[in-house]
Each structure stands twice: as structure tokens, then as C-alpha cells.
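Student: Below is the file run-v5.pdb, with PDB, C-alpha atoms.
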ATOM      1  CA  MET A   1      -5.935 -27.691  21.042
ATOM      2  CA  LYS A   2      -3.053 -25.776  22.616
ATOM      3  CA  LYS A   3      -1.169 -25.574  19.320
ATOM      4  CA  THR A   4      -4.262 -24.036  17.756
ATOM      5  CA  THR A   5      -4.440 -21.399  20.488
ATOM      6  CA  VAL A   6      -0.795 -20.477  20.055
ATOM      7  CA  LEU A   7      -1.139 -20.335  16.283
ATOM      8  CA  MET A   8      -4.225 -18.133  16.492
ATOM      9  CA  ALA A   9      -2.499 -15.763  18.929
ATOM     10  CA  ALA A  10       0.525 -15.492  16.647
ATOM     11  CA  LEU A  11      -1.635 -14.854  13.598
ATOM     12  CA  ALA A  12      -3.665 -12.227  15.445
ATOM     13  CA  LEU A  13      -0.516 -10.348  16.425
ATOM     14  CA  LEU A  14       0.819 -10.579  12.913
ATOM     15  CA  ALA A  15      -2.419  -9.243  11.460
ATOM     16  CA  ALA A  16      -2.499  -6.414  13.999
ATOM     17  CA  GLY A  17       0.950  -5.318  12.912
ATOM     18  CA  PHE A  18      -0.090  -5.242   9.272
ATOM     19  CA  PHE A  19      -3.285  -3.326   9.933
ATOM     20  CA  ALA A  20      -1.636  -0.805  12.225
ATOM     21  CA  GLY A  21       1.144  -0.167   9.742
ATOM     22  CA  CYS A  22      -1.077   0.374   6.718
ATOM     23  CA  GLU A  23      -2.133   3.854   7.772
ATOM     24  CA  THR A  24       1.388   5.248   8.142
ATOM     25  CA  LEU A  25       3.340   3.184   5.641
ATOM     26  CA  GLU A  26       5.059   6.013   3.781
ATOM     27  CA  GLY A  27       8.641   6.292   4.980
ATOM     28  CA  HIS A  28       8.281   3.490   7.518
ATOM     29  CA  GLU A  29       8.244   0.373   5.376
ATOM     30  CA  GLY A  30      11.031  -1.163   7.432
ATOM     31  CA  ALA A  31       9.038  -0.730  10.640
ATOM     32  CA  VAL A  32       6.063  -2.610   9.232
ATOM     33  CA  ILE A  33       8.168  -5.502   7.994
ATOM     34  CA  GLY A  34      10.249  -5.547  11.192
ATOM     35  CA  SER A  35       7.211  -5.512  13.470
ATOM     36  CA  ALA A  36       5.563  -8.362  11.570
ATOM     37  CA  ALA A  37       8.707 -10.489  11.679
ATOM     38  CA  GLY A  38       9.400  -9.555  15.300
ATOM     39  CA  ALA A  39       5.854 -10.377  16.389
ATOM     40  CA  ALA A  40       5.941 -13.761  14.690
ATOM     41  CA  GLY A  41       9.360 -14.620  16.081
ATOM     42  CA  GLY A  42       8.522 -13.311  19.527
ATOM     43  CA  ALA A  43       5.317 -15.326  19.642
ATOM     44  CA  LEU A  44       7.178 -18.493  18.754
ATOM     45  CA  ILE A  45       9.939 -17.865  21.272
ATOM     46  CA  GLY A  46       7.479 -16.807  23.978
ATOM     47  CA  SER A  47       5.397 -19.906  23.426
ATOM     48  CA  ALA A  48       8.449 -22.160  23.567
ATOM     49  CA  ALA A  49       9.859 -20.466  26.657
ATOM     50  CA  ALA A  50       6.598 -20.487  28.614
ATOM     51  CA  GLY A  51       5.580 -23.334  30.849
ATOM     52  CA  SER A  52       3.309 -26.053  29.531
ATOM     53  CA  GLY A  53       0.164 -24.393  30.881
ATOM     54  CA  ASN A  54       1.045 -20.870  29.792
ATOM     55  CA  ARG A  55       1.981 -21.195  26.119
ATOM     56  CA  GLY A  56      -0.781 -18.881  24.882
ATOM     57  CA  THR A  57       0.163 -16.178  27.353
ATOM     58  CA  GLY A  58       3.819 -16.576  26.455
ATOM     59  CA  ALA A  59       2.994 -16.246  22.774
ATOM     60  CA  VAL A  60       1.018 -13.054  23.334
ATOM     61  CA  ILE A  61       3.672 -11.441  25.523
ATOM     62  CA  GLY A  62       6.506 -12.544  23.248
ATOM     63  CA  GLY A  63       4.626 -11.354  20.178
ATOM     64  CA  ALA A  64       3.995  -7.928  21.670
ATOM     65  CA  ILE A  65       7.590  -7.442  22.770
ATOM     66  CA  GLY A  66       8.954  -8.861  19.522
ATOM     67  CA  GLY A  67       6.644  -6.660  17.468
ATOM     68  CA  VAL A  68       7.800  -3.483  19.166
ATOM     69  CA  ALA A  69      11.479  -4.444  19.057
ATOM     70  CA  GLY A  70      11.241  -5.577  15.445
ATOM     71  CA  GLY A  71       9.457  -2.391  14.436
ATOM     72  CA  VAL A  72      12.134  -0.180  15.957
ATOM     73  CA  ALA A  73      14.974  -2.254  14.502
ATOM     74  CA  GLY A  74      13.343  -2.472  11.073
ATOM     75  CA  ASP A  75      12.741   1.265  10.931
ATOM     76  CA  GLN A  76      16.329   2.045  11.889
ATOM     77  CA  PHE A  77      17.728  -0.456   9.391
ATOM     78  CA  TYR A  78      15.534   0.882   6.604
ATOM     79  CA  ASP A  79      16.507   4.498   7.343
ATOM     80  CA  GLU A  80      20.216   3.636   7.263
ATOM     81  CA  LYS A  81      19.808   1.701   4.033
ATOM     82  CA  LYS A  82      17.770   4.512   2.451
ATOM     83  CA  ASP A  83      20.327   7.154   3.434
ATOM     84  CA  GLY A  84      23.201   5.039   2.100
ATOM     85  CA  LYS A  85      25.128   4.845   5.380
TER      86      LYS A  85
END
Take the structure in the file and give it back as C-alpha cells.
Tutor:
Amino acid sequence: MKKTTVLMAALALLAAGFFAGCETLEGHEGAVIGSAAGAAGGALIGSAAAGSGNRGTGAVIGGAIGGVAGGVAGDQFYDEKKDGK
């Protein structure tokens, strides 16, 4: 039951990143990919780091933080790669 909750929270965050990025994709492809990967990774890490009774909350918080951090990092990496630096 708890694994299902964590999985659903991670999938919801991943889907939110995809849907939010679809409107402004042009020029920010790296941000969309980075936020999706960051949200998934953050949800997994947050779930693992949380206590046994708080895995869902940890997944949500980790997914949100990972999504934002991954989006910023992905956008910066993509811009540098695009500019040839």
C-alpha cells in the first residue's frame, strides 16, 4: 500500500513537469527534461530519506525540490551546449 502511494506521488510529479513544460517548450527543452528527471530522482530520494510513516510526504517534498533544481540545471546545461561553450 505504501509503495503504491509513493509511486503515485512520483508519477504525479513527473506528469506535472511534462504538462507544465509543454506550453513553453521552445528554447527550454533542457529545463523540461531536467525537471522531469529531477522530480523523479527527488521523489525517490525523499521517500528513502523519510521516516517509515512519512514516505509519501518525503516523496512529494523531494520531487518538488528535485523538479525545480533539475529544471534550472537542465536549462543551464542546454543553453551552454546550444551556445557551444
Student: I'd like the interatomic distance between atom CA of A:Val6 and atom CA of A:Ala31, to a tenth of an Å.
Tutor: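 About the pair atom CA of A:Val6 and atom CA of A:Ala31: they are 24.0 Å apart.
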Student: What would the selection look like, as a list in words, if the PyMOL selection byres ((chain A and resi 3) around 12) were run on the coordinates I just shared?
Tutor: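 Going through the file, the PyMOL selection byres ((chain A and resi 3) around 12) ends up selecting Met1, Lys2, Thr4, Thr5, Val6, Leu7, Met8, Ala9, Ala10, Leu44, Ser47, Ala48, Ser52, Gly53, Asn54, Arg55, Gly56 and Ala59 of chain A.
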Student: Might you pull out every residue within 10 Å of A:Gly46, with all atoms listed in the file counted and same-chain residues fewer than 4 positions away left off, and present them as a list in words?
Tutor: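 Once the nearby chain positions are removed, what remains is Val6, Ala40, Gly41, Gly42, Ala50, Gly51, Asn54, Arg55, Gly56, Thr57, Gly58, Ala59, Val60, Ile61, Gly62, Gly63, Ala64, Ile65 and Gly66 of chain A.
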Student: How would the residues just picked look written out with C-alpha atoms as a CSV table (one decimal), in the coordinates of the input?
Tutor:
chain,number,residue,atom,x,y,z
A,6,VAL,CA,-0.8,-20.5,20.1
A,40,ALA,CA,5.9,-13.8,14.7
A,41,GLY,CA,9.4,-14.6,16.1
A,42,GLY,CA,8.5,-13.3,19.5
A,50,ALA,CA,6.6,-20.5,28.6
A,51,GLY,CA,5.6,-23.3,30.8
A,54,ASN,CA,1.0,-20.9,29.8
A,55,ARG,CA,2.0,-21.2,26.1
A,56,GLY,CA,-0.8,-18.9,24.9
A,57,THR,CA,0.2,-16.2,27.4
A,58,GLY,CA,3.8,-16.6,26.5
A,59,ALA,CA,3.0,-16.2,22.8
A,60,VAL,CA,1.0,-13.1,23.3
A,61,ILE,CA,3.7,-11.4,25.5
A,62,GLY,CA,6.5,-12.5,23.2
A,63,GLY,CA,4.6,-11.4,20.2
A,64,ALA,CA,4.0,-7.9,21.7
A,65,ILE,CA,7.6,-7.4,22.8
A,66,GLY,CA,9.0,-8.9,19.5
Student: Calculated over all atoms listed in the file, which of the candidates A:Ala39, A:Gly34, A:Glu29, A:Ala12 has the smallest distance to A:Gly74?
Tutor: A:Gly34
Student: Nearest to A:Ala69: which of A:Gly38, A:Leu14, A:Ala43, A:Lys81 is it, counting all atoms listed in the file?
Tutor: A:Gly38
Student: In Å, with one decimal, what is the gap from atom CA of A:Val72 to atom CA of A:Leu13?
Tutor: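 Computing the Euclidean distance for atom CA of A:Val72 and atom CA of A:Leu13 yields 16.2 Å.
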Student: Counting all atoms listed in the file, figure out which residue out of A:Phe77, A:Gly30, A:Ile45, A:Ser35 gets nearest to A:Ala15.
Tutor: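 Nearest candidate to A:Ala15 out of A:Phe77, A:Gly30, A:Ile45, A:Ser35: A:Ser35.
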